[in-house]
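Source file structure-v4.txt; content: compact mmCIF, C-alpha atoms.
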```
# COMPACT_ATOMS: atom_id res chain seq x y z
CA MET A 5 -13.48 77.01 42.00
CA ALA A 6 -12.39 73.38 41.99
CA THR A 7 -8.61 73.23 41.67
CA ASP A 8 -8.01 69.59 42.60
CA PRO A 9 -9.02 66.39 40.76
CA LEU A 10 -10.94 65.17 43.82
CA LEU A 11 -13.04 68.35 43.84
CA ARG A 12 -15.57 68.36 41.03
CA GLN A 13 -17.62 71.44 40.38
CA GLY A 14 -21.17 70.91 39.17
CA PRO A 15 -24.05 73.26 38.46
CA ASP A 16 -25.51 72.94 41.96
CA SER A 17 -22.65 71.85 44.19
CA THR A 18 -18.93 71.26 44.53
CA ASP A 19 -18.27 67.62 45.35
CA LEU A 20 -15.34 66.08 47.15
CA VAL A 21 -15.35 62.69 45.39
CA LEU A 22 -13.77 59.95 47.49
CA ARG A 23 -15.11 56.84 45.80
CA THR A 24 -16.81 56.39 42.46
CA GLY A 25 -19.39 53.88 41.36
CA PRO A 26 -23.10 53.13 41.72
CA ALA A 27 -24.82 53.89 44.99
CA GLY A 28 -28.17 53.32 46.64
CA PRO A 29 -29.77 50.76 48.97
CA VAL A 30 -30.48 48.22 46.21
CA TRP A 31 -26.92 48.31 44.87
CA ASN A 32 -25.55 48.15 48.40
CA ALA A 33 -27.66 45.07 49.17
CA LEU A 34 -26.57 43.33 45.95
CA THR A 35 -22.86 43.95 46.45
CA SER A 36 -23.09 42.90 50.11
CA ALA A 37 -24.88 39.70 49.11
CA ARG A 38 -22.05 38.81 46.76
CA SER A 39 -19.32 39.55 49.30
CA ALA A 40 -21.16 37.61 52.02
CA LEU A 41 -20.60 34.37 50.08
CA PHE A 42 -17.17 34.18 51.71
CA THR A 43 -18.60 34.27 55.24
CA PRO A 44 -19.34 30.50 55.48
CA LEU A 45 -15.82 29.83 54.21
CA VAL A 46 -14.26 32.08 56.85
CA LEU A 47 -16.37 30.44 59.57
CA GLY A 48 -15.91 26.97 58.12
CA LEU A 49 -13.88 25.56 61.03
CA PRO A 50 -16.66 25.87 63.67
CA THR A 51 -19.11 24.35 61.18
CA LEU A 52 -16.79 21.39 60.56
CA LEU A 53 -16.37 20.90 64.30
CA VAL A 54 -20.15 20.71 64.71
CA ALA A 55 -20.36 18.19 61.86
CA PHE A 56 -17.55 16.12 63.38
CA TRP A 57 -19.18 16.13 66.80
CA MET A 58 -22.53 15.02 65.32
CA ALA A 59 -20.82 12.24 63.39
CA LEU A 60 -19.14 11.00 66.56
CA ALA A 61 -22.51 11.11 68.32
CA GLY A 62 -23.92 8.73 65.70
CA ALA A 63 -26.06 11.17 63.72
CA ARG A 64 -27.05 10.16 60.21
CA ALA A 65 -25.18 11.68 57.30
CA SER A 66 -28.37 13.29 55.99
CA THR A 67 -28.97 14.93 59.37
CA VAL A 68 -25.40 16.22 59.48
CA PHE A 69 -25.76 17.69 55.98
CA VAL A 70 -29.01 19.44 56.91
CA VAL A 71 -27.57 20.93 60.09
CA VAL A 72 -24.41 22.05 58.30
CA GLY A 73 -26.54 23.62 55.57
CA VAL A 74 -28.64 25.50 58.12
CA ILE A 75 -25.53 26.75 59.93
CA ALA A 76 -23.94 27.88 56.65
CA GLY A 77 -27.17 29.65 55.69
CA LEU A 78 -27.29 31.51 59.01
CA GLU A 79 -23.62 32.46 58.67
CA TYR A 80 -24.29 33.81 55.19
CA LEU A 81 -27.32 35.80 56.41
CA LEU A 82 -25.44 37.30 59.34
CA GLY A 83 -22.48 38.12 57.11
CA TRP A 84 -24.80 39.76 54.58
CA LEU A 85 -26.42 41.95 57.23
CA ALA A 86 -23.07 42.92 58.76
CA LEU A 87 -21.54 43.80 55.39
CA ALA A 88 -24.64 45.68 54.23
CA PHE A 89 -24.66 47.81 57.38
CA SER A 90 -20.93 48.49 57.15
CA GLN A 91 -21.03 49.42 53.47
CA ALA A 92 -24.16 51.53 53.92
CA ARG A 93 -22.18 53.88 56.18
CA CYS A 94 -19.33 54.20 53.70
CA ILE A 95 -18.97 57.81 52.47
CA LEU A 96 -18.67 58.17 48.70
CA ARG A 97 -18.52 61.95 48.45
CA VAL A 98 -19.16 65.18 50.31
CA GLU A 99 -21.33 67.77 48.57
CA PHE A 100 -21.01 71.51 49.24
CA ALA A 101 -23.83 73.70 47.94
CA PRO A 102 -24.34 76.06 46.29
CA THR A 103 -21.38 76.14 43.94
CA GLY A 104 -18.84 78.85 44.62
CA VAL A 105 -19.68 79.99 48.14
CA PRO A 106 -21.28 76.98 49.87
CA ALA A 107 -23.73 77.40 52.73
CA SER A 108 -24.55 73.73 53.38
CA LEU A 109 -23.08 70.27 53.03
CA ARG A 110 -24.20 66.67 53.06
CA LEU A 111 -22.49 63.30 53.17
CA VAL A 112 -23.42 60.89 50.39
CA ARG A 113 -23.09 57.30 51.57
CA ALA A 114 -23.32 54.00 49.72
CA ALA A 115 -26.93 53.64 50.89
CA GLY A 116 -27.84 57.18 49.82
CA PRO A 117 -27.34 60.81 50.87
CA ASP A 118 -27.72 62.17 54.40
CA ASP A 119 -29.72 65.31 55.12
CA TRP A 120 -28.28 68.70 54.26
CA LEU A 121 -26.50 70.43 57.16
CA PRO A 122 -25.53 74.10 57.59
CA LEU A 123 -21.91 74.57 56.67
CA ASP A 124 -21.11 76.03 60.09
CA THR A 125 -21.79 72.52 61.44
CA LEU A 126 -18.42 71.62 60.01
CA ARG A 127 -15.68 72.81 62.36
CA GLU A 128 -12.56 71.28 60.85
CA VAL A 129 -11.27 69.04 58.07
CA ARG A 130 -8.22 66.95 58.92
CA LEU A 131 -6.16 65.28 56.25
CA THR A 132 -3.53 62.69 57.16
CA HIS A 133 -1.23 61.76 54.30
CA LYS A 134 0.76 58.59 54.99
CA VAL A 135 3.64 57.52 52.77
CA VAL A 136 5.34 54.14 53.19
CA GLU A 137 8.62 54.31 51.28
CA PRO A 138 10.65 51.28 50.13
CA TYR A 139 13.76 50.21 51.98
CA GLN A 140 17.10 50.22 50.17
CA GLY A 141 17.01 47.61 47.43
CA ASP A 142 13.23 47.18 47.57
CA ARG A 143 11.67 47.05 44.12
CA LYS A 144 8.14 47.76 45.30
CA PRO A 145 7.07 51.39 44.87
CA ALA A 146 6.09 53.67 47.71
CA VAL A 147 2.49 53.42 48.92
CA SER A 148 0.55 56.62 49.56
CA THR A 149 -2.78 56.81 51.40
CA LEU A 150 -4.97 59.65 52.56
CA ALA A 151 -7.29 59.62 55.57
CA LEU A 152 -9.89 62.35 56.01
CA GLU A 153 -11.74 63.34 59.15
CA PHE A 154 -14.66 65.73 59.16
CA VAL A 155 -15.10 67.24 62.61
CA LEU A 156 -18.77 68.14 63.02
CA ARG A 157 -20.43 69.80 65.96
CA GLY A 158 -21.65 67.01 68.21
CA GLY A 159 -19.64 64.32 66.45
CA GLY A 160 -17.44 63.54 63.50
CA GLU A 161 -16.87 61.28 60.54
CA ARG A 162 -13.55 59.58 59.87
CA LEU A 163 -12.84 57.79 56.62
CA ALA A 164 -10.59 54.80 56.30
CA PRO A 165 -7.32 55.57 54.50
CA LEU A 166 -7.82 55.68 50.73
CA PRO A 167 -5.20 55.04 48.04
CA PHE A 168 -3.95 58.47 46.99
CA GLY A 169 -1.63 59.43 44.19
CA GLY A 170 -2.23 63.17 44.06
CA ASP A 171 -0.78 66.21 45.78
CA PRO A 172 -2.16 66.45 49.34
CA GLN A 173 -1.03 70.06 49.72
CA ARG A 174 -2.94 71.01 46.58
CA LEU A 175 -6.07 69.35 47.92
CA ALA A 176 -5.67 71.11 51.27
CA TYR A 177 -5.32 74.49 49.54
CA ALA A 178 -8.40 73.81 47.41
CA LEU A 179 -10.47 72.90 50.47
CA GLU A 180 -9.22 75.98 52.31
CA ALA A 181 -10.27 78.20 49.42
CA LEU A 182 -13.68 76.53 49.22
CA LEU A 183 -14.39 76.64 52.96
CA ALA A 184 -12.70 79.93 53.83
CA PRO A 185 -15.96 81.97 53.86
CA ALA A 186 -17.25 79.68 56.62
CA ALA A 187 -13.94 79.85 58.54
CA VAL A 188 -13.54 76.08 58.48
CA VAL A 189 -10.05 74.97 59.50
CA VAL A 190 -8.26 72.61 57.11
CA GLU A 191 -5.30 70.79 58.65
CA LEU A 192 -2.82 68.65 56.72
CA ARG A 193 -0.40 66.25 58.37
CA THR A 194 2.11 64.10 56.52
CA GLU A 195 3.56 60.93 58.04
CA ARG A 196 6.44 59.08 56.38
CA SER A 197 7.82 55.68 57.22
CA THR A 198 9.99 53.01 55.60
CA ARG A 199 8.66 49.60 54.73
CA ALA A 200 10.03 46.92 57.03
CA LYS A 201 12.66 44.73 55.40
CA PRO A 202 11.76 41.01 55.47
CA GLN A 203 13.91 38.98 57.83
CA SER A 204 16.17 36.48 56.11
CA ASN A 205 15.96 32.82 57.16
CA SER A 206 19.65 32.26 56.50
CA ALA A 207 20.55 32.98 60.15
CA TRP A 208 18.02 30.42 61.35
CA PHE A 209 19.35 27.73 59.04
CA SER A 210 22.91 28.63 60.00
CA GLY A 211 22.04 28.37 63.68
CA GLY A 212 20.34 25.01 63.16
CA SER A 213 23.32 23.68 61.27
CA ALA A 214 25.70 24.83 63.99
CA SER A 215 23.59 23.15 66.67
CA ALA A 216 23.59 19.92 64.77
CA ASN A 217 27.38 20.00 64.35
CA SER A 218 27.95 20.77 68.03
CA GLY A 219 25.68 17.90 69.02
CA GLY A 220 27.63 15.49 66.86
CA GLY A 221 30.90 16.42 68.59
```

How does this structure look as structure tokens?
Amino acid sequence: MATDPLLRQGPDSTDLVLRTGPAGPVWNALTSARSALFTPLVLGLPTLLVAFWMALAGARASTVFVVVGVIAGLEYLLGWLALAFSQARCILRVEFAPTGVPASLRLVRAAGPDDWLPLDTLREVRLTHKVVEPYQGDRKPAVSTLALEFVLRGGGERLAPLPFGGDPQRLAYALEALLAPAAVVVELRTERSTRAKPQSNSAWFSGGSASANSGGG
């Protein structure tokens, strides 16, 4: 009984799809390896400082290049491991099985699915819908995100806010209907704010001009 686009009903389970795309340890390692290419660039300043210090100490250019290459390689490796671990924990979807009246659930992460858990392990589902609306005269559209938190016995899983263009109330109702037999609480909270208006630099230039004129007098 999937009544929301994020809830997809299959033959064996009803899935709450949060992110789409390939998954698995191999894919996770490949995507992390590509993203880690930016790590030496982000940490480029310390590497340049080491190269500058070696040059001042009289080291040969070839030695400096080798050391810089080793440092960049280590930075890339550490960045790859950090990104791979972070992405491996990323939740792609939550599966509730069997279809209709679920009795178990499991979290499917980028590195693969977790073990199945009894549905009564899930105590509460919290949805936080945040809407940042434009200020008067702002041409940029409102930005809507949705954060989900699964409160499990002995712990919990909180997802980073995801771009969301649907109806949060509809999703909350659909989850309530799906999880009602297990008496799982579904809580929806909506937070609205207005985008901060950029400060104009005209006052600063006006103040600088006034100071200059007063100094000339």

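When only C-alpha atoms are used to compute distances to Ala186 (chain A), the closest of the residues A:Val147, A:Leu123, A:Val136, A:Gly169 turns out to be A:Leu123.
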
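Compared by their closest atoms to Ala92 (chain A), and using all atoms listed in the file, the residues A:Gly104, A:Leu78, A:Ala115, A:Gln13 rank with A:Ala115 nearest.
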
Legend entry - Atom-to-atom span, CA of Pro122 (chain A) and CA of Leu156 (chain A), Å: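 If I compute the distance from CA of Pro122 (chain A) to CA of Leu156 (chain A), I get 10.5 Å.
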
Legend entry - Near-region 161-167 of chain A list (10 Å; all atoms listed in the file; drop same-chain fewer than 2 positions) as a list in words: Leu22, Arg23, Cys94, Ile95, Leu96, Leu111, Val129, Arg130, Leu131, Thr132, His133, Lys134, Val147, Ser148, Thr149, Leu150, Ala151, Leu152, Glu153, Phe154, Val155, Leu156, Gly159, Gly169 and Gly170 of chain A

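When CA of Leu121 (chain A) is paired with CA of Glu180 (chain A), their separation reads 18.8 Å.
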
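Checking A:Leu126, A:Val72, A:Val105, A:Ala178 one by one against Leu10 (chain A), counting only C-alpha atoms, you find the shortest gap at A:Ala178.
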
Legend entry - Nearest candidate to Leu85 (chain A) (options A:Leu183, A:Ser39, A:Arg12, A:Val21; using only C-alpha atoms):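 Selected residue with least distance to Leu85 (chain A): A:Ser39.
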
Legend entry - Given all atoms listed in the file as the counted atoms, nearest of A:Gly62, A:Gly77, A:Pro172, A:Pro117 to Gly48 (chain A): A:Gly77

I'd like the neighbourhood of Ile75 (chain A) as an mmCIF file with C-alpha atoms, keeping the file's coordinate frame, where a residue qualifies if any of its atoms comes within 12 Å (using only C-alpha atoms), though same-chain residues fewer than 2 positions away should be ignored.
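Output below, filename result06.cif:
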```cif
data_model
loop_
_atom_site.group_PDB
_atom_site.id
_atom_site.type_symbol
_atom_site.label_atom_id
_atom_site.label_comp_id
_atom_site.auth_asym_id
_atom_site.auth_seq_id
_atom_site.Cartn_x
_atom_site.Cartn_y
_atom_site.Cartn_z
ATOM 1 C CA THR A 43 -18.600 34.270 55.240
ATOM 2 C CA PRO A 44 -19.340 30.500 55.480
ATOM 3 C CA LEU A 45 -15.820 29.830 54.210
ATOM 4 C CA LEU A 47 -16.370 30.440 59.570
ATOM 5 C CA GLY A 48 -15.910 26.970 58.120
ATOM 6 C CA LEU A 49 -13.880 25.560 61.030
ATOM 7 C CA PRO A 50 -16.660 25.870 63.670
ATOM 8 C CA THR A 51 -19.110 24.350 61.180
ATOM 9 C CA LEU A 52 -16.790 21.390 60.560
ATOM 10 C CA LEU A 53 -16.370 20.900 64.300
ATOM 11 C CA VAL A 54 -20.150 20.710 64.710
ATOM 12 C CA ALA A 55 -20.360 18.190 61.860
ATOM 13 C CA VAL A 68 -25.400 16.220 59.480
ATOM 14 C CA PHE A 69 -25.760 17.690 55.980
ATOM 15 C CA VAL A 70 -29.010 19.440 56.910
ATOM 16 C CA VAL A 71 -27.570 20.930 60.090
ATOM 17 C CA VAL A 72 -24.410 22.050 58.300
ATOM 18 C CA GLY A 73 -26.540 23.620 55.570
ATOM 19 C CA GLY A 77 -27.170 29.650 55.690
ATOM 20 C CA LEU A 78 -27.290 31.510 59.010
ATOM 21 C CA GLU A 79 -23.620 32.460 58.670
ATOM 22 C CA TYR A 80 -24.290 33.810 55.190
ATOM 23 C CA LEU A 81 -27.320 35.800 56.410
ATOM 24 C CA LEU A 82 -25.440 37.300 59.340
#
```

Inset, instruction - Work out how far CA of Val112 (chain A) is from CA of Gln91 (chain A), in Å to one decimal. - result: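 Rounded to one decimal, the two atoms are 12.1 Å apart.
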